[in-house]
file upload.csv (CSV, N, CA and C atoms)
chain,number,residue,atom,x,y,z
E,232,MET,N,106.7,70.9,104.4
E,232,MET,CA,107.9,71.6,104.6
E,232,MET,C,108.0,72.8,103.5
E,233,PRO,N,108.1,74.0,104.0
E,233,PRO,CA,108.1,75.1,103.0
E,233,PRO,C,109.4,75.1,102.2
E,234,VAL,N,109.2,75.6,101.0
E,234,VAL,CA,110.3,75.7,100.0
E,234,VAL,C,111.0,77.0,100.3
E,235,PRO,N,112.4,76.9,100.4
E,235,PRO,CA,113.1,78.2,100.7
E,235,PRO,C,113.1,79.1,99.5
E,236,TRP,N,113.2,80.4,99.7
E,236,TRP,CA,113.3,81.3,98.7
E,236,TRP,C,114.6,81.2,97.9
E,237,PRO,N,114.6,81.5,96.6
E,237,PRO,CA,115.8,81.4,95.9
E,237,PRO,C,116.8,82.5,96.3
E,238,ARG,N,118.1,82.2,96.1
E,238,ARG,CA,119.2,83.2,96.5
E,238,ARG,C,119.0,84.6,95.9
E,239,TRP,N,118.5,84.6,94.7
E,239,TRP,CA,118.4,85.9,94.0
E,239,TRP,C,117.3,86.8,94.7
E,240,LEU,N,116.5,86.2,95.6
E,240,LEU,CA,115.5,87.0,96.3
E,240,LEU,C,115.9,87.2,97.8
E,241,THR,N,117.0,86.6,98.2
E,241,THR,CA,117.3,86.6,99.6
E,241,THR,C,118.7,87.2,99.9
E,242,THR,N,119.7,86.7,99.3
E,242,THR,CA,121.1,87.1,99.6
E,242,THR,C,121.9,87.8,98.6
E,243,LEU,N,121.6,87.7,97.3
E,243,LEU,CA,122.4,88.3,96.3
E,243,LEU,C,122.1,89.8,96.3
E,244,PRO,N,123.0,90.6,95.8
E,244,PRO,CA,122.8,92.0,95.7
E,244,PRO,C,121.6,92.4,94.9
E,245,GLY,N,120.8,93.3,95.5
E,245,GLY,CA,119.6,93.8,94.8
E,245,GLY,C,118.4,93.0,95.2
E,246,ALA,N,118.5,92.0,96.1
E,246,ALA,CA,117.4,91.2,96.5
E,246,ALA,C,116.2,91.9,97.0
E,247,ALA,N,116.4,92.9,97.8
E,247,ALA,CA,115.3,93.7,98.4
E,247,ALA,C,114.5,94.4,97.3
E,248,GLY,N,115.2,95.0,96.3
E,248,GLY,CA,114.6,95.7,95.2
E,248,GLY,C,113.8,94.7,94.4
E,249,ARG,N,114.3,93.5,94.1
E,249,ARG,CA,113.6,92.5,93.4
E,249,ARG,C,112.4,92.0,94.1
E,250,ARG,N,112.5,91.8,95.4
E,250,ARG,CA,111.3,91.5,96.2
E,250,ARG,C,110.2,92.5,96.1
E,251,ARG,N,110.6,93.8,96.2
E,251,ARG,CA,109.7,94.9,96.2
E,251,ARG,C,109.0,95.0,94.8
E,252,ALA,N,109.8,94.8,93.8
E,252,ALA,CA,109.3,94.9,92.4
E,252,ALA,C,108.3,93.8,92.2
E,253,LEU,N,108.6,92.6,92.6
E,253,LEU,CA,107.7,91.4,92.5
E,253,LEU,C,106.4,91.6,93.3
E,254,LEU,N,106.5,92.2,94.5
E,254,LEU,CA,105.3,92.5,95.2
E,254,LEU,C,104.5,93.5,94.5
E,255,ALA,N,105.1,94.6,94.0
E,255,ALA,CA,104.3,95.6,93.2
E,255,ALA,C,103.6,95.0,92.0
E,256,LEU,N,104.4,94.2,91.3
E,256,LEU,CA,103.8,93.6,90.1
E,256,LEU,C,102.7,92.6,90.4
E,257,GLY,N,102.9,91.8,91.5
E,257,GLY,CA,101.9,90.8,91.9
E,257,GLY,C,100.6,91.5,92.3
E,258,LEU,N,100.7,92.6,93.1
E,258,LEU,CA,99.5,93.3,93.6
E,258,LEU,C,98.8,93.9,92.4
E,259,ALA,N,99.5,94.5,91.5
E,259,ALA,CA,98.9,95.1,90.3
E,259,ALA,C,98.2,94.0,89.4
E,260,MET,N,98.9,92.9,89.2
E,260,MET,CA,98.3,91.8,88.4
E,260,MET,C,97.0,91.2,89.1
E,261,VAL,N,97.1,91.0,90.4
E,261,VAL,CA,95.9,90.5,91.1
E,261,VAL,C,94.7,91.5,91.0
E,262,ALA,N,95.0,92.8,91.1
E,262,ALA,CA,93.9,93.8,91.0
E,262,ALA,C,93.4,93.8,89.6
E,263,TYR,N,94.3,93.7,88.6
E,263,TYR,CA,93.9,93.7,87.2
E,263,TYR,C,93.1,92.4,86.8
E,264,LEU,N,93.6,91.3,87.2
E,264,LEU,CA,92.9,90.0,86.9
E,264,LEU,C,91.6,89.8,87.6
E,265,LEU,N,91.5,90.3,88.9
E,265,LEU,CA,90.3,90.1,89.6
E,265,LEU,C,89.3,91.2,89.5
E,266,ARG,N,89.6,92.2,88.7
E,266,ARG,CA,88.7,93.3,88.5
E,266,ARG,C,87.3,93.0,88.1
E,267,PRO,N,87.0,92.0,87.3
E,267,PRO,CA,85.7,91.7,86.9
E,267,PRO,C,84.9,91.1,88.0
E,268,LEU,N,85.5,90.7,89.1
E,268,LEU,CA,84.8,89.9,90.2
E,268,LEU,C,84.4,90.8,91.3
E,269,GLY,N,83.4,90.5,92.0
E,269,GLY,CA,82.9,91.0,93.3
E,269,GLY,C,83.2,92.5,93.6
E,270,PRO,N,83.7,92.7,94.8
E,270,PRO,CA,84.0,94.1,95.2
E,270,PRO,C,85.0,94.9,94.4
E,271,LEU,N,85.9,94.2,93.7
E,271,LEU,CA,86.9,94.9,92.9
E,271,LEU,C,86.2,95.6,91.7
E,272,ARG,N,85.0,95.2,91.4
E,272,ARG,CA,84.3,95.8,90.3
E,272,ARG,C,83.9,97.2,90.6
E,273,TRP,N,83.8,97.5,91.9
E,273,TRP,CA,83.4,98.8,92.4
E,273,TRP,C,84.6,99.8,92.5
E,274,LEU,N,85.8,99.3,92.3
E,274,LEU,CA,87.0,100.2,92.3
E,274,LEU,C,86.9,101.0,91.1
E,275,PRO,N,87.2,102.3,91.2
E,275,PRO,CA,87.3,103.1,90.0
E,275,PRO,C,88.5,102.7,89.2
E,276,GLY,N,88.5,103.0,87.9
E,276,GLY,CA,89.6,102.6,87.0
E,276,GLY,C,90.9,103.2,87.4
E,277,TRP,N,90.9,104.4,87.9
E,277,TRP,CA,92.1,105.1,88.3
E,277,TRP,C,92.9,104.4,89.4
E,278,VAL,N,92.1,103.6,90.3
E,278,VAL,CA,92.8,102.9,91.3
E,278,VAL,C,93.6,101.7,90.7
E,279,VAL,N,92.9,101.0,89.8
E,279,VAL,CA,93.6,99.9,89.2
E,279,VAL,C,94.7,100.4,88.3
E,280,GLY,N,94.5,101.5,87.6
E,280,GLY,CA,95.6,102.1,86.8
E,280,GLY,C,96.7,102.5,87.6
E,281,GLY,N,96.4,103.1,88.8
E,281,GLY,CA,97.4,103.5,89.7
E,281,GLY,C,98.3,102.4,90.2
E,282,LEU,N,97.6,101.2,90.5
E,282,LEU,CA,98.4,100.1,90.9
E,282,LEU,C,99.3,99.6,89.8
E,283,LEU,N,98.8,99.6,88.6
E,283,LEU,CA,99.6,99.1,87.5
E,283,LEU,C,100.8,100.1,87.2
E,284,LEU,N,100.5,101.4,87.3
E,284,LEU,CA,101.5,102.4,87.2
E,284,LEU,C,102.6,102.3,88.3
E,285,TRP,N,102.2,102.0,89.5
E,285,TRP,CA,103.1,101.8,90.6
E,285,TRP,C,104.0,100.7,90.3
E,286,ALA,N,103.5,99.6,89.8
E,286,ALA,CA,104.3,98.4,89.5
E,286,ALA,C,105.3,98.7,88.4
E,287,VAL,N,104.9,99.4,87.4
E,287,VAL,CA,105.8,99.7,86.3
E,287,VAL,C,106.9,100.7,86.8
E,288,VAL,N,106.5,101.6,87.6
E,288,VAL,CA,107.6,102.5,88.2
E,288,VAL,C,108.6,101.8,89.0
E,289,GLU,N,108.1,100.9,89.9
E,289,GLU,CA,109.0,100.1,90.7
E,289,GLU,C,109.9,99.2,89.8
E,290,LEU,N,109.4,98.6,88.8
E,290,LEU,CA,110.2,97.8,87.9
E,290,LEU,C,111.3,98.7,87.2
E,291,LEU,N,110.9,99.8,86.7
E,291,LEU,CA,111.8,100.7,86.1
E,291,LEU,C,112.9,101.3,87.0
E,292,ARG,N,112.5,101.6,88.3
E,292,ARG,CA,113.4,102.0,89.3
E,292,ARG,C,114.5,101.0,89.5
E,293,TRP,N,114.0,99.7,89.7
E,293,TRP,CA,114.9,98.6,90.0
E,293,TRP,C,115.8,98.4,88.8
E,294,ALA,N,115.3,98.5,87.6
E,294,ALA,CA,116.1,98.2,86.4
E,294,ALA,C,117.1,99.3,86.1
E,295,TRP,N,116.7,100.6,86.3
E,295,TRP,CA,117.5,101.7,86.0
E,295,TRP,C,118.6,102.0,87.0
E,296,ARG,N,118.3,101.8,88.3
E,296,ARG,CA,119.2,102.1,89.4
E,296,ARG,C,119.1,101.0,90.4
E,297,PRO,N,119.7,99.9,90.2
E,297,PRO,CA,119.7,98.8,91.3
E,297,PRO,C,120.5,99.3,92.5
E,298,ARG,N,120.1,98.9,93.6
E,298,ARG,CA,120.8,99.2,94.8
E,298,ARG,C,122.1,98.4,94.8
E,299,ARG,N,123.2,99.1,95.3
E,299,ARG,CA,124.5,98.5,95.3
E,299,ARG,C,124.8,98.1,96.7
E,300,TRP,N,125.9,97.2,96.8
E,300,TRP,CA,126.4,96.9,98.2
E,300,TRP,C,126.9,98.1,98.8
E,301,ARG,N,126.7,98.2,100.1
E,301,ARG,CA,127.3,99.3,100.9
E,301,ARG,C,128.5,98.9,101.7
call {"tool": "encode", "arguments": {"input": "upload.csv", "output": "structure tokens"}}
result
Amino acid sequence: MPVPWPRWLTTLPGAAGRRRALLALGLAMVAYLLRPLGPLRWLPGWVVGGLLLWAVVELLRWAWRPRRWR
């Protein structure tokens, strides 16, 4: 039985932004942590840096200007 997502990621205000920020951070961390392995070793550093920068920008956007109820 799958565990339901917490309310802060589904129904509360800003949930979409939090999900997007978590996705960006998760992708960046996976790329960073798996960099020494296999095909990710062939990625140029600017690709990994770009993923990390994208994650930071998403987190800052979410923190600076969260989406409001419409």
call {"tool": "select_by_dssp", "arguments": {"input": "upload.csv", "residues": "chain E", "states": "helix (DSSP H, G or I)", "output": "MDAnalysis selection string"}}
result
chainID E and resid 238:240 246:264 269:273 276:295
call {"tool": "write_last_selection", "arguments": {"input": "upload.csv", "atoms": "N, CA and C atoms", "output": "CSV table (one decimal), in the coordinates of the input"}}
result
chain,number,residue,atom,x,y,z
E,238,ARG,N,118.1,82.2,96.1
E,238,ARG,CA,119.2,83.2,96.5
E,238,ARG,C,119.0,84.6,95.9
E,239,TRP,N,118.5,84.6,94.7
E,239,TRP,CA,118.4,85.9,94.0
E,239,TRP,C,117.3,86.8,94.7
E,240,LEU,N,116.5,86.2,95.6
E,240,LEU,CA,115.5,87.0,96.3
E,240,LEU,C,115.9,87.2,97.8
E,246,ALA,N,118.5,92.0,96.1
E,246,ALA,CA,117.4,91.2,96.5
E,246,ALA,C,116.2,91.9,97.0
E,247,ALA,N,116.4,92.9,97.8
E,247,ALA,CA,115.3,93.7,98.4
E,247,ALA,C,114.5,94.4,97.3
E,248,GLY,N,115.2,95.0,96.3
E,248,GLY,CA,114.6,95.7,95.2
E,248,GLY,C,113.8,94.7,94.4
E,249,ARG,N,114.3,93.5,94.1
E,249,ARG,CA,113.6,92.5,93.4
E,249,ARG,C,112.4,92.0,94.1
E,250,ARG,N,112.5,91.8,95.4
E,250,ARG,CA,111.3,91.5,96.2
E,250,ARG,C,110.2,92.5,96.1
E,251,ARG,N,110.6,93.8,96.2
E,251,ARG,CA,109.7,94.9,96.2
E,251,ARG,C,109.0,95.0,94.8
E,252,ALA,N,109.8,94.8,93.8
E,252,ALA,CA,109.3,94.9,92.4
E,252,ALA,C,108.3,93.8,92.2
E,253,LEU,N,108.6,92.6,92.6
E,253,LEU,CA,107.7,91.4,92.5
E,253,LEU,C,106.4,91.6,93.3
E,254,LEU,N,106.5,92.2,94.5
E,254,LEU,CA,105.3,92.5,95.2
E,254,LEU,C,104.5,93.5,94.5
E,255,ALA,N,105.1,94.6,94.0
E,255,ALA,CA,104.3,95.6,93.2
E,255,ALA,C,103.6,95.0,92.0
E,256,LEU,N,104.4,94.2,91.3
E,256,LEU,CA,103.8,93.6,90.1
E,256,LEU,C,102.7,92.6,90.4
E,257,GLY,N,102.9,91.8,91.5
E,257,GLY,CA,101.9,90.8,91.9
E,257,GLY,C,100.6,91.5,92.3
E,258,LEU,N,100.7,92.6,93.1
E,258,LEU,CA,99.5,93.3,93.6
E,258,LEU,C,98.8,93.9,92.4
E,259,ALA,N,99.5,94.5,91.5
E,259,ALA,CA,98.9,95.1,90.3
E,259,ALA,C,98.2,94.0,89.4
E,260,MET,N,98.9,92.9,89.2
E,260,MET,CA,98.3,91.8,88.4
E,260,MET,C,97.0,91.2,89.1
E,261,VAL,N,97.1,91.0,90.4
E,261,VAL,CA,95.9,90.5,91.1
E,261,VAL,C,94.7,91.5,91.0
E,262,ALA,N,95.0,92.8,91.1
E,262,ALA,CA,93.9,93.8,91.0
E,262,ALA,C,93.4,93.8,89.6
E,263,TYR,N,94.3,93.7,88.6
E,263,TYR,CA,93.9,93.7,87.2
E,263,TYR,C,93.1,92.4,86.8
E,264,LEU,N,93.6,91.3,87.2
E,264,LEU,CA,92.9,90.0,86.9
E,264,LEU,C,91.6,89.8,87.6
E,269,GLY,N,83.4,90.5,92.0
E,269,GLY,CA,82.9,91.0,93.3
E,269,GLY,C,83.2,92.5,93.6
E,270,PRO,N,83.7,92.7,94.8
E,270,PRO,CA,84.0,94.1,95.2
E,270,PRO,C,85.0,94.9,94.4
E,271,LEU,N,85.9,94.2,93.7
E,271,LEU,CA,86.9,94.9,92.9
E,271,LEU,C,86.2,95.6,91.7
E,272,ARG,N,85.0,95.2,91.4
E,272,ARG,CA,84.3,95.8,90.3
E,272,ARG,C,83.9,97.2,90.6
E,273,TRP,N,83.8,97.5,91.9
E,273,TRP,CA,83.4,98.8,92.4
E,273,TRP,C,84.6,99.8,92.5
E,276,GLY,N,88.5,103.0,87.9
E,276,GLY,CA,89.6,102.6,87.0
E,276,GLY,C,90.9,103.2,87.4
E,277,TRP,N,90.9,104.4,87.9
E,277,TRP,CA,92.1,105.1,88.3
E,277,TRP,C,92.9,104.4,89.4
E,278,VAL,N,92.1,103.6,90.3
E,278,VAL,CA,92.8,102.9,91.3
E,278,VAL,C,93.6,101.7,90.7
E,279,VAL,N,92.9,101.0,89.8
E,279,VAL,CA,93.6,99.9,89.2
E,279,VAL,C,94.7,100.4,88.3
E,280,GLY,N,94.5,101.5,87.6
E,280,GLY,CA,95.6,102.1,86.8
E,280,GLY,C,96.7,102.5,87.6
E,281,GLY,N,96.4,103.1,88.8
E,281,GLY,CA,97.4,103.5,89.7
E,281,GLY,C,98.3,102.4,90.2
E,282,LEU,N,97.6,101.2,90.5
E,282,LEU,CA,98.4,100.1,90.9
E,282,LEU,C,99.3,99.6,89.8
E,283,LEU,N,98.8,99.6,88.6
E,283,LEU,CA,99.6,99.1,87.5
E,283,LEU,C,100.8,100.1,87.2
E,284,LEU,N,100.5,101.4,87.3
E,284,LEU,CA,101.5,102.4,87.2
E,284,LEU,C,102.6,102.3,88.3
E,285,TRP,N,102.2,102.0,89.5
E,285,TRP,CA,103.1,101.8,90.6
E,285,TRP,C,104.0,100.7,90.3
E,286,ALA,N,103.5,99.6,89.8
E,286,ALA,CA,104.3,98.4,89.5
E,286,ALA,C,105.3,98.7,88.4
E,287,VAL,N,104.9,99.4,87.4
E,287,VAL,CA,105.8,99.7,86.3
E,287,VAL,C,106.9,100.7,86.8
E,288,VAL,N,106.5,101.6,87.6
E,288,VAL,CA,107.6,102.5,88.2
E,288,VAL,C,108.6,101.8,89.0
E,289,GLU,N,108.1,100.9,89.9
E,289,GLU,CA,109.0,100.1,90.7
E,289,GLU,C,109.9,99.2,89.8
E,290,LEU,N,109.4,98.6,88.8
E,290,LEU,CA,110.2,97.8,87.9
E,290,LEU,C,111.3,98.7,87.2
E,291,LEU,N,110.9,99.8,86.7
E,291,LEU,CA,111.8,100.7,86.1
E,291,LEU,C,112.9,101.3,87.0
E,292,ARG,N,112.5,101.6,88.3
E,292,ARG,CA,113.4,102.0,89.3
E,292,ARG,C,114.5,101.0,89.5
E,293,TRP,N,114.0,99.7,89.7
E,293,TRP,CA,114.9,98.6,90.0
E,293,TRP,C,115.8,98.4,88.8
E,294,ALA,N,115.3,98.5,87.6
E,294,ALA,CA,116.1,98.2,86.4
E,294,ALA,C,117.1,99.3,86.1
E,295,TRP,N,116.7,100.6,86.3
E,295,TRP,CA,117.5,101.7,86.0
E,295,TRP,C,118.6,102.0,87.0
call {"tool": "closest_residue", "arguments": {"input": "upload.csv", "among": "E:Trp293, E:Tyr263, E:Trp285, E:Trp273", "to": "Gly248 in chain E", "atoms": "all atoms listed in the file"}}
result
E:Trp293
call {"tool": "atom_distance", "arguments": {"input": "upload.csv", "atom1": "CA of Ala255 in chain E", "atom2": "CA of Pro267 in chain E"}}
result
20.0 Å
call {"tool": "atom_distance", "arguments": {"input": "upload.csv", "atom1": "atom C of Leu258 in chain E", "atom2": "atom C of Val234 in chain E"}}
result
22.3 Å
call {"tool": "atom_distance", "arguments": {"input": "upload.csv", "atom1": "CA of Glu289 in chain E", "atom2": "CA of Ala259 in chain E"}}
result
11.3 Å
call {"tool": "decode", "arguments": {"input": "upload.csv", "residues": "range 258-269 of chain E", "atoms": "all heavy atoms", "output": "compact mmCIF listing (two decimals), in the first residue's frame"}}
result
# COMPACT_ATOMS: atom_id res chain seq x y z
N LEU E 258 17.16 16.09 -8.21
CA LEU E 258 17.93 15.82 -9.43
C LEU E 258 19.36 16.31 -9.32
O LEU E 258 20.30 15.62 -9.75
CB LEU E 258 17.25 16.49 -10.63
CG LEU E 258 15.99 15.82 -11.14
CD1 LEU E 258 15.37 16.67 -12.25
CD2 LEU E 258 16.30 14.44 -11.65
N ALA E 259 19.54 17.48 -8.75
CA ALA E 259 20.90 18.01 -8.59
C ALA E 259 21.72 17.15 -7.65
O ALA E 259 22.89 16.86 -7.92
CB ALA E 259 20.83 19.45 -8.09
N MET E 260 21.13 16.71 -6.56
CA MET E 260 21.88 15.90 -5.61
C MET E 260 22.21 14.52 -6.18
O MET E 260 23.30 14.00 -5.95
CB MET E 260 21.11 15.73 -4.29
CG MET E 260 20.87 16.99 -3.51
SD MET E 260 22.18 18.07 -2.92
CE MET E 260 23.72 17.51 -3.25
N VAL E 261 21.27 13.94 -6.94
CA VAL E 261 21.55 12.65 -7.58
C VAL E 261 22.72 12.80 -8.56
O VAL E 261 23.64 11.98 -8.57
CB VAL E 261 20.29 12.11 -8.28
CG1 VAL E 261 20.63 10.99 -9.25
CG2 VAL E 261 19.30 11.62 -7.25
N ALA E 262 22.69 13.85 -9.38
CA ALA E 262 23.78 14.06 -10.33
C ALA E 262 25.10 14.30 -9.60
O ALA E 262 26.15 13.80 -10.02
CB ALA E 262 23.46 15.25 -11.24
N TYR E 263 25.06 15.03 -8.51
CA TYR E 263 26.28 15.33 -7.76
C TYR E 263 26.83 14.08 -7.07
O TYR E 263 28.04 13.83 -7.10
CB TYR E 263 25.99 16.43 -6.74
CG TYR E 263 27.19 16.86 -5.95
CD1 TYR E 263 28.19 17.62 -6.53
CD2 TYR E 263 27.34 16.47 -4.62
CE1 TYR E 263 29.30 18.00 -5.81
CE2 TYR E 263 28.44 16.84 -3.90
CZ TYR E 263 29.42 17.62 -4.49
OH TYR E 263 30.52 17.98 -3.77
N LEU E 264 25.95 13.32 -6.44
CA LEU E 264 26.41 12.15 -5.69
C LEU E 264 26.82 10.99 -6.59
O LEU E 264 27.71 10.21 -6.24
CB LEU E 264 25.32 11.70 -4.71
CG LEU E 264 25.03 12.67 -3.57
CD1 LEU E 264 23.85 12.19 -2.75
CD2 LEU E 264 26.25 12.86 -2.69
N LEU E 265 26.18 10.86 -7.75
CA LEU E 265 26.52 9.76 -8.65
C LEU E 265 27.59 10.15 -9.68
O LEU E 265 27.93 9.35 -10.53
CB LEU E 265 25.26 9.28 -9.37
CG LEU E 265 24.19 8.66 -8.49
CD1 LEU E 265 23.00 8.24 -9.33
CD2 LEU E 265 24.73 7.49 -7.71
N ARG E 266 28.10 11.35 -9.58
CA ARG E 266 29.09 11.83 -10.55
C ARG E 266 30.30 10.91 -10.69
O ARG E 266 30.78 10.71 -11.79
CB ARG E 266 29.54 13.23 -10.16
CG ARG E 266 30.58 13.81 -11.06
CD ARG E 266 30.10 15.10 -11.65
NE ARG E 266 31.18 15.81 -12.28
CZ ARG E 266 31.45 15.73 -13.57
NH1 ARG E 266 30.74 14.93 -14.32
NH2 ARG E 266 32.44 16.41 -14.09
N PRO E 267 30.84 10.35 -9.62
CA PRO E 267 32.02 9.50 -9.79
C PRO E 267 31.72 8.16 -10.47
O PRO E 267 32.64 7.42 -10.81
CB PRO E 267 32.52 9.24 -8.37
CG PRO E 267 31.79 10.16 -7.48
CD PRO E 267 30.57 10.60 -8.21
N LEU E 268 30.47 7.81 -10.67
CA LEU E 268 30.12 6.51 -11.22
C LEU E 268 29.85 6.57 -12.72
O LEU E 268 29.37 7.58 -13.24
CB LEU E 268 28.87 5.95 -10.52
CG LEU E 268 28.97 5.81 -9.00
CD1 LEU E 268 27.64 5.36 -8.45
CD2 LEU E 268 30.06 4.85 -8.63
N GLY E 269 30.13 5.48 -13.38
CA GLY E 269 29.75 5.20 -14.76
C GLY E 269 29.64 6.36 -15.72
O GLY E 269 30.52 7.20 -15.79
